[in-house]
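Peer 1: Quick one: the structure is below, and I'll ask about it shortly.
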Amino acid sequence: MSFELPDLPYAYDALAPYMSAETLEFHHDKHHQAYVTKGNELLAGSGLEGKSLEDVVKESFGKNAPLFNNAGQHYNHIHFWKWMKKDGGGTSLPGALASAIESDLGGYDKFRADFIAAGVGQFGSGWAWLAVKDGKLEIMKTPNGENPLVHGASPILGCDVWEHSYYIDYRNARPKYLEAFIDNMINWDYVLEMYEAATK
């Protein structure tokens, strides 16, 4: 199975003004494409050819860092594009998700504050996550291209806090970018889809 760059599920300017067309063009067409190109080179001869992307990520972790870095980022970005939509975000969450956030994370406001804190507190490049671990929701953060898959959890929402994800639009104001992500960009329907798959 070779890695392929998916099309964005919306126009480059669909997320403006919260994420600009320029950011999406650089981030999708250049950065994600580079992970795909390099990932395919490193996959050849790795012994993991033909495995699912999730398996490549899990099995290369701690054993083949260059392949893991590119496969991990490819996985993260495939979902990152789908975790956003035009007129997304806000507090109107699908019922099952709202209930789980209430019971597992202390409610929407606490989830919002803790998710932003995870993203702000990730030193250097990395990701902030909402994941399912042992049937419960958990907020996590990971460095670089790591994701909850390699920590025994299933990611259902992630925000990329590498500088290329926000520097064009927000310069060094990472907290403002995370606020805009939660309040205006999250595709809660896709988060629900991943939540349901993770809790089957």
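Just so we're on the same page: first chain in the structure tokens is A, next is B, and so on; residues restart at 1 for each chain, and ligands are numbered from 1 in the order they show up.
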Find the spatial neighbours of A:Leu15, counting only C-alpha atoms, within a cut-off of 10 Å - ignore same-chain residues fewer than 2 positions away - and output them as a ChimeraX atom specification.
Peer 2: /A:10-13,17-21,24,84-88,181,184-185
Peer 1: Would you pick out the contacts of A:Ile101 at 8 Å or less, using only C-alpha atoms, so that residues sharing its chain but fewer than 5 positions from it are not included, and give the list as a list in words?
Peer 2: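 What passes the distance filter is Gly106, Gly107, Tyr108, Phe111 and Leu137 of chain A.
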Peer 1: Would you write out those residues with N, CA, C and O atoms, as an mmCIF file, in the first residue's frame?
Peer 2:
```
data_model
loop_
_atom_site.group_PDB
_atom_site.id
_atom_site.type_symbol
_atom_site.label_atom_id
_atom_site.label_comp_id
_atom_site.auth_asym_id
_atom_site.auth_seq_id
_atom_site.Cartn_x
_atom_site.Cartn_y
_atom_site.Cartn_z
ATOM 1 N N GLY A 106 -15.509 16.662 32.206
ATOM 2 C CA GLY A 106 -16.014 17.747 33.046
ATOM 3 C C GLY A 106 -16.770 18.831 32.311
ATOM 4 O O GLY A 106 -16.919 19.942 32.812
ATOM 5 N N GLY A 107 -17.229 18.526 31.070
ATOM 6 C CA GLY A 107 -18.050 19.477 30.328
ATOM 7 C C GLY A 107 -17.295 20.210 29.237
ATOM 8 O O GLY A 107 -16.054 20.184 29.189
ATOM 9 N N TYR A 108 -18.052 20.867 28.372
ATOM 10 C CA TYR A 108 -17.472 21.505 27.189
ATOM 11 C C TYR A 108 -16.451 22.587 27.544
ATOM 12 O O TYR A 108 -15.370 22.639 26.964
ATOM 13 N N PHE A 111 -13.275 21.044 28.688
ATOM 14 C CA PHE A 111 -12.626 20.418 27.525
ATOM 15 C C PHE A 111 -11.915 21.487 26.687
ATOM 16 O O PHE A 111 -10.751 21.335 26.328
ATOM 17 N N LEU A 137 -12.832 9.286 27.122
ATOM 18 C CA LEU A 137 -12.165 10.393 26.443
ATOM 19 C C LEU A 137 -11.000 10.905 27.289
ATOM 20 O O LEU A 137 -11.076 10.929 28.512
#
```
Peer 1: Would you please give, as a PyMOL selection string, all residues of chain A that DSSP assigns to helix (DSSP H, G or I) based on the backbone?
Peer 2: chain A and resi 21-43+53-60+65-82+95-105+108-121+148-151+163-165+167-170+174-185+188-198
Peer 1: For the strand (DSSP E) assignment from backbone DSSP, which residues of stretch 117-158 of chain A qualify? Please present them as a PyMOL selection string.
Peer 2: chain A and resi 126-133+136-143+154-158
Peer 1: Using only C-alpha atoms, which residue out of A:Asp134, A:Leu42, A:Trp188, A:Glu54 lies closest to A:Ser92?
Peer 2: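 Closest to A:Ser92, using only C-alpha atoms: A:Trp188.
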